[in-house]
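Worksheet: the structure to be examined is printed underneath.
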Amino acid sequence: MSLDERAARWRADLESWAIPDEILATAPANPWTHHVARFARRTDALLAAPQGPTYERAREALPDGGSVLDVGAGTGAASLPLRPTALVAVDESRAMLDALAERGREAGCGTVRLVEGRWPDAAGRTPVADVVVCAHVVFNVPDLVPFLAALDAHARRRVVLELPLVHPMTWLSPLWARFHGLARPDRPTSDDVLSIAREMGFAAEQEEHAAPDALFESIEEMSAGACRRLCLDPARAPEVARAAEELGVWPLPLRRFVTIWWDRGK
Ligand SMILES: C[S@@+](CC[C@H](N)C(=O)[O-])C[C@H]1O[C@@H](n2cnc3c(N)ncnc32)[C@H](O)[C@@H]1O
């Protein structure tokens with residue numbers, strides 16, 4: 001399959017995750033938004049105990065006094081634990097960037113520059129860095145080729161991606177079937193990202209690992225989140241919790257992640 005065909009299939013597979021209009025029209029809240037607090041918890045845990053292949057692959061490529069660019073930085077889970085001398089964080093969410101800046105100060109990181117905007121549109125006003133990290137973003141990116149090309153163009157040494165093996169909403173599929181009679185897709189997967197990166201000429205390698213933390217701390221937190229994702233009234237959370245237990249969705253197993261990385265010019 002050519003790169004163009006792979007890229008087109010990636011886009012089509014992502015589009016197949018769209019929520020049908022008739023369900024979306026009934027949503028009491030935006031089903032796609034990310035909560036700052038949940039990502040802040042993830043960042044705080046990794047700041048307290050940096051670990052995992054994403055951290056290791058970025059750390060080993062970072063020179064003393066080196067710089068990091070974090071794209072789709074959220075609250076900084078992939079970059080702040082590296083404690084770089086200079087960090088540039090790009091995100092389309094101001095609230096995420098503000099939470100990152102606060103943590104950067106507390107963690108004693110060097111200079112932190114915030115770039116509010118969407119990648120790769122924001123690439124032209126973003127400086128290059130020794131290491132570029134991008135964690136848990138690509139399943140949100142229909143045009144993967146220009147996105148990855150701009151990451152590569154901004155790295156002096158290495159690009160490090162982290163993503164789940166499957167679409168991050170996959171855990172909800174049995175609940176979509178129960179509450180809406182809707183079958184959810186099982187593509188794309190992390191293998192598609194690896195294939196596209198290699199087809200683009202990057203010597204990409206990968207390592208699979210378990211997520212360091214649980215997605216939710218309690219069944220109440222899970223069912224509240226599931227109601228929003230499923231476009232259901234929040235009052236139905238107890239019903240969703242019962243269904244999740246019946247269907248074996250809860251307790252959620254630890255997710256499987258993959259770290260994909262490549263060095264510039266290899
Ligand atoms: C799932 S969160 C992951 C945050 C962080 N990287 C982490 O690993 O915890 C995805 C983040 O990427 C941001 N984002 C998604 N697509 C983006 C894009 N094309 N450009 C910039 N930010 C993006 C979202 O606003 C959100 O903060």
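Ordering of the structure tokens sets the chain letters (A, B, ...); residue numbers start at 1 within each chain; ligands are numbered from 1 in the order shown.
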
Within 7 Å of ligand 1 (counting only C-alpha atoms and all ligand atoms), which residues show up? I'd like them as a compact mmCIF listing (two decimals) with C-alpha atoms, in the first residue's frame.
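Below is the file pocket_5.txt, written as the result:
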```txt
# COMPACT_ATOMS: atom_id res chain seq x y z
CA HIS A 34 -10.57 16.41 27.79
CA PHE A 39 -4.38 14.93 32.85
CA ARG A 42 -1.31 11.82 35.24
CA THR A 43 1.37 14.53 35.05
CA VAL A 71 3.11 18.85 21.03
CA GLY A 72 -0.42 18.34 22.35
CA ALA A 73 1.31 18.80 25.69
CA GLY A 74 -1.79 18.80 27.89
CA THR A 75 -0.51 19.41 31.41
CA GLY A 76 3.00 18.19 30.49
CA ALA A 77 2.99 14.47 31.38
CA ALA A 78 5.43 13.58 28.58
CA VAL A 90 2.08 23.45 22.14
CA ASP A 91 -1.60 22.81 22.78
CA GLU A 92 -4.90 24.07 21.43
CA SER A 93 -6.24 24.28 25.00
CA MET A 96 -4.11 22.74 29.70
CA GLY A 117 -2.64 26.55 18.74
CA ARG A 118 -3.23 23.51 16.63
CA TRP A 119 -0.35 21.46 15.25
CA PRO A 120 0.89 21.59 12.51
CA CYS A 134 3.94 13.94 21.43
CA ALA A 135 1.85 11.73 23.73
CA HIS A 136 -1.76 10.66 23.24
CA VAL A 137 -2.54 13.03 20.40
CA ASN A 140 -7.08 13.09 17.19
CA VAL A 141 -5.22 13.87 13.94
```

Task: Residue neighbourhood region 214-224 of chain A, 9 Å, only C-alpha atoms, exclusion window fewer than 4 positions, as a ChimeraX atom specification - done: /A:38,228-229,234-241,244,250-255

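Taking only C-alpha atoms into account, Ala95 (chain A) lies nearest to A:Val36 out of the set A:Val36, A:Thr126, A:Pro53, A:Ala61.
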
Open item on the list: If you run DSSP on the backbone here, which positions in region 14-231 of chain A get alpha helix (DSSP H)? Please write them as a PyMOL selection string.
Closed with: chain A and resi 14-15+21-24+36-48+53-61+94-106+144-153+173-180+190-199+219-229

TODO: List the neighbours of region 180-185 of chain A out to 9 Å using only C-alpha atoms; skip same-chain residues closer than 5 positions along the sequence, and give me the result as a PyMOL selection string.
DONE: chain A and resi 13-14+16-17+23+167+170+172-175+230

Open item on the list: So that I can check the secondary structure, give me every residue of region 33-250 of chain A assigned strand (DSSP E or B) by backbone DSSP, as a PyMOL selection string.
Closed with: chain A and resi 67-71+86-91+111-116+129-135+155-164+166+189+205-210

Restrict the selected residues to N, CA and C atoms and save them as a CSV table (one decimal), in the first residue's frame.
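Saved result, part-v2.csv, follows:
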```csv
chain,number,residue,atom,x,y,z
A,67,SER,N,16.8,21.0,25.0
A,67,SER,CA,15.5,21.5,25.0
A,67,SER,C,14.5,20.5,24.5
A,68,VAL,N,13.2,20.6,24.9
A,68,VAL,CA,12.2,19.7,24.6
A,68,VAL,C,11.0,20.5,24.0
A,69,LEU,N,10.4,19.9,22.9
A,69,LEU,CA,9.2,20.5,22.4
A,69,LEU,C,8.1,19.4,22.6
A,70,ASP,N,7.0,19.8,23.3
A,70,ASP,CA,5.9,18.8,23.6
A,70,ASP,C,4.7,19.3,22.8
A,71,VAL,N,4.2,18.5,21.9
A,71,VAL,CA,3.1,18.9,21.0
A,71,VAL,C,1.9,18.1,21.5
A,86,ALA,N,15.0,23.9,28.7
A,86,ALA,CA,14.1,24.8,28.0
A,86,ALA,C,13.0,23.9,27.4
A,87,LEU,N,11.7,24.3,27.7
A,87,LEU,CA,10.6,23.5,27.2
A,87,LEU,C,9.7,24.4,26.4
A,88,VAL,N,9.2,23.9,25.3
A,88,VAL,CA,8.2,24.6,24.5
A,88,VAL,C,7.0,23.7,24.5
A,89,ALA,N,5.8,24.1,24.9
A,89,ALA,CA,4.6,23.3,25.0
A,89,ALA,C,3.6,23.9,24.0
A,90,VAL,N,3.1,23.0,23.1
A,90,VAL,CA,2.1,23.5,22.1
A,90,VAL,C,0.8,22.7,22.5
A,91,ASP,N,-0.3,23.5,22.6
A,91,ASP,CA,-1.6,22.8,22.8
A,91,ASP,C,-2.7,23.8,22.3
A,111,THR,N,13.2,27.3,31.4
A,111,THR,CA,12.2,28.2,30.8
A,111,THR,C,11.1,27.4,30.1
A,112,VAL,N,9.9,27.9,30.3
A,112,VAL,CA,8.7,27.2,29.7
A,112,VAL,C,8.0,28.2,28.8
A,113,ARG,N,8.0,27.9,27.5
A,113,ARG,CA,7.3,28.7,26.5
A,113,ARG,C,6.0,28.0,26.0
A,114,LEU,N,4.9,28.8,26.1
A,114,LEU,CA,3.6,28.2,25.7
A,114,LEU,C,3.2,28.7,24.3
A,115,VAL,N,2.8,27.8,23.5
A,115,VAL,CA,2.3,28.1,22.2
A,115,VAL,C,0.9,27.6,22.1
A,116,GLU,N,-0.1,28.5,22.1
A,116,GLU,CA,-1.5,28.0,22.0
A,116,GLU,C,-1.9,27.9,20.6
A,129,ALA,N,13.7,21.9,18.7
A,129,ALA,CA,14.2,21.5,20.0
A,129,ALA,C,15.0,20.3,19.8
A,130,ASP,N,15.8,19.9,20.8
A,130,ASP,CA,16.6,18.7,20.7
A,130,ASP,C,15.7,17.4,20.6
A,131,VAL,N,14.7,17.4,21.4
A,131,VAL,CA,13.8,16.2,21.4
A,131,VAL,C,12.4,16.7,21.3
A,132,VAL,N,11.6,16.1,20.5
A,132,VAL,CA,10.2,16.4,20.3
A,132,VAL,C,9.4,15.2,20.9
A,133,VAL,N,8.5,15.5,21.8
A,133,VAL,CA,7.6,14.4,22.3
A,133,VAL,C,6.1,14.8,22.0
A,134,CYS,N,5.3,13.7,21.8
A,134,CYS,CA,3.9,13.9,21.4
A,134,CYS,C,3.2,12.7,21.9
A,135,ALA,N,2.5,12.9,23.1
A,135,ALA,CA,1.9,11.7,23.7
A,135,ALA,C,0.3,11.8,23.7
A,155,ALA,N,12.7,18.5,15.3
A,155,ALA,CA,13.6,17.8,16.2
A,155,ALA,C,15.0,17.9,15.7
A,156,ARG,N,15.9,18.2,16.6
A,156,ARG,CA,17.3,18.2,16.2
A,156,ARG,C,17.8,16.7,16.3
A,157,ARG,N,17.3,16.0,17.3
A,157,ARG,CA,17.8,14.7,17.6
A,157,ARG,C,16.8,13.5,17.4
A,158,ARG,N,15.7,13.7,18.1
A,158,ARG,CA,14.7,12.5,18.2
A,158,ARG,C,13.3,13.0,18.3
A,159,VAL,N,12.4,12.2,17.8
A,159,VAL,CA,11.0,12.3,18.0
A,159,VAL,C,10.5,11.1,18.7
A,160,VAL,N,9.7,11.4,19.8
A,160,VAL,CA,9.1,10.3,20.6
A,160,VAL,C,7.6,10.4,20.7
A,161,LEU,N,6.9,9.4,20.2
A,161,LEU,CA,5.4,9.4,20.3
A,161,LEU,C,5.0,8.4,21.3
A,162,GLU,N,3.9,8.7,22.0
A,162,GLU,CA,3.2,7.6,22.8
A,162,GLU,C,1.7,7.6,22.4
A,163,LEU,N,1.2,6.4,22.3
A,163,LEU,CA,-0.2,6.3,22.0
A,163,LEU,C,-0.8,5.0,22.4
A,164,PRO,N,-2.1,4.8,22.6
A,164,PRO,CA,-2.6,3.5,22.9
A,164,PRO,C,-2.6,2.6,21.7
A,166,VAL,N,-4.9,0.9,20.5
A,166,VAL,CA,-6.2,1.1,19.8
A,166,VAL,C,-6.8,2.5,20.1
A,189,THR,N,-5.2,1.5,14.2
A,189,THR,CA,-4.4,1.0,15.4
A,189,THR,C,-3.0,1.7,15.3
A,205,GLU,N,11.1,3.0,15.5
A,205,GLU,CA,11.1,1.7,16.3
A,205,GLU,C,9.9,1.8,17.3
A,206,GLN,N,9.6,0.7,17.9
A,206,GLN,CA,8.5,0.8,18.8
A,206,GLN,C,8.7,-0.2,20.0
A,207,GLU,N,8.1,0.2,21.1
A,207,GLU,CA,8.0,-0.7,22.3
A,207,GLU,C,6.7,-0.6,22.9
A,208,GLU,N,6.1,-1.8,23.2
A,208,GLU,CA,4.8,-1.8,23.8
A,208,GLU,C,4.9,-1.9,25.3
A,209,HIS,N,4.0,-1.3,26.0
A,209,HIS,CA,4.1,-1.4,27.5
A,209,HIS,C,2.7,-1.1,28.1
A,210,ALA,N,2.6,-1.4,29.4
A,210,ALA,CA,1.3,-1.1,30.1
A,210,ALA,C,1.2,0.3,30.5
```

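When CA of Tyr55 (chain A) is paired with CA of Ile196 (chain A), their separation reads 22.8 Å.
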
Task: Shell around Asp44 (chain A) at 12 Å using only C-alpha atoms, local window under 2 positions removed, as a list of chain:residue names - done: A:Ala37, A:Arg38, A:Phe39, A:Ala40, A:Arg41, A:Arg42, A:Leu46, A:Leu47, A:Ala48, A:Ala49, A:Pro50, A:Thr75, A:Gly76, A:Ala77, A:Ala78, A:Ser79, A:Leu80, A:Pro81, A:Ala99, A:Leu100, A:Glu102, A:Arg103, A:Gly104, A:Glu106, A:Ala107, A:Asp213

Can I get the selected residues back with C-alpha atoms, as a PDB file, in the first residue's frame?
```pdb
ATOM      1  CA  ALA A  37      -7.868  17.548  36.216  1.00  0.00           C
ATOM      2  CA  ARG A  38      -7.459  14.015  34.863  1.00  0.00           C
ATOM      3  CA  PHE A  39      -4.375  14.934  32.854  1.00  0.00           C
ATOM      4  CA  ALA A  40      -2.969  16.923  35.772  1.00  0.00           C
ATOM      5  CA  ARG A  41      -3.203  13.776  37.909  1.00  0.00           C
ATOM      6  CA  ARG A  42      -1.309  11.818  35.236  1.00  0.00           C
ATOM      7  CA  LEU A  46       4.900  10.939  36.348  1.00  0.00           C
ATOM      8  CA  LEU A  47       6.641  13.969  37.858  1.00  0.00           C
ATOM      9  CA  ALA A  48       6.834  12.143  41.194  1.00  0.00           C
ATOM     10  CA  ALA A  49       8.114   8.916  39.598  1.00  0.00           C
ATOM     11  CA  PRO A  50       9.332   9.348  35.989  1.00  0.00           C
ATOM     12  CA  THR A  75      -0.510  19.411  31.415  1.00  0.00           C
ATOM     13  CA  GLY A  76       3.001  18.187  30.486  1.00  0.00           C
ATOM     14  CA  ALA A  77       2.990  14.468  31.380  1.00  0.00           C
ATOM     15  CA  ALA A  78       5.434  13.585  28.578  1.00  0.00           C
ATOM     16  CA  SER A  79       7.806  16.536  29.005  1.00  0.00           C
ATOM     17  CA  LEU A  80       7.902  17.943  32.539  1.00  0.00           C
ATOM     18  CA  PRO A  81       9.338  14.711  34.054  1.00  0.00           C
ATOM     19  CA  ALA A  99      -1.892  23.971  34.280  1.00  0.00           C
ATOM     20  CA  LEU A 100       1.386  22.910  32.618  1.00  0.00           C
ATOM     21  CA  GLU A 102       2.105  26.073  37.001  1.00  0.00           C
ATOM     22  CA  ARG A 103       3.562  22.550  37.268  1.00  0.00           C
ATOM     23  CA  GLY A 104       6.698  23.589  35.372  1.00  0.00           C
ATOM     24  CA  GLU A 106       6.759  23.949  40.879  1.00  0.00           C
ATOM     25  CA  ALA A 107       8.933  21.190  39.363  1.00  0.00           C
ATOM     26  CA  ASP A 213      -1.874   4.390  35.799  1.00  0.00           C
TER      27      ASP A 213
END
```

- [ ] Excluding Glu22 (chain A) and residues on its chain fewer than 4 positions from it, collect all residues at most 12 Å away from it, counting only C-alpha atoms, and give them as an NGL selection string.
- [x] :A and (18 or 26-27 or 180 or 231)

Just N, CA and C atoms for this one: save the residues we selected as a compact mmCIF listing (two decimals), in the first residue's frame.
```
# COMPACT_ATOMS: atom_id res chain seq x y z
N ALA A 18 -16.79 9.06 14.21
CA ALA A 18 -17.69 10.20 14.43
C ALA A 18 -18.98 9.70 15.10
N THR A 26 -28.51 15.13 20.94
CA THR A 26 -29.13 14.96 22.28
C THR A 26 -28.09 15.12 23.39
N ALA A 27 -26.82 15.38 23.04
CA ALA A 27 -25.76 15.38 24.06
C ALA A 27 -25.90 16.56 25.01
N HIS A 180 -26.96 2.59 22.80
CA HIS A 180 -27.38 3.20 21.53
C HIS A 180 -27.52 2.17 20.40
N CYS A 231 -22.99 10.66 25.34
CA CYS A 231 -24.04 11.66 25.10
C CYS A 231 -25.29 11.37 25.95
```

Closest pair table for region 100-147 of chain A residues within 9 Å of region 2-11 of chain A, only C-alpha atoms, as JSON lines:
```
{"residue": "A:Val141", "atom": "CA", "partner": "A:Arg11", "partner_atom": "CA", "distance": 8.1}
{"residue": "A:Pro142", "atom": "CA", "partner": "A:Arg11", "partner_atom": "CA", "distance": 4.7}
{"residue": "A:Asp143", "atom": "CA", "partner": "A:Arg11", "partner_atom": "CA", "distance": 6.5}
{"residue": "A:Leu144", "atom": "CA", "partner": "A:Ala7", "partner_atom": "CA", "distance": 6.8}
{"residue": "A:Val145", "atom": "CA", "partner": "A:Ala7", "partner_atom": "CA", "distance": 6.9}
```

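When only C-alpha atoms are used to compute distances to Asn30 (chain A), the closest of the residues A:Pro146, A:Gly225, A:Pro188, A:Gly110 turns out to be A:Gly225.
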
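Across the model, the gap from CA of Val138 (chain A) to CA of Ala122 (chain A) is 15.8 Å.
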
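Each of A:Leu194, A:Met200, A:Leu247, A:Cys109 was checked against Ala150 (chain A) using only C-alpha atoms; the smallest atom-to-atom distance is that of A:Met200.
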
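The interatomic distance for the pair CA of Ser195 (chain A) and CA of Ala153 (chain A) works out to 18.7 Å.
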
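Counting only C-alpha atoms and comparing A:Ala58, A:Met169, A:Ala243, A:Leu148, the residue that lies closest to Val193 (chain A) is A:Leu148.
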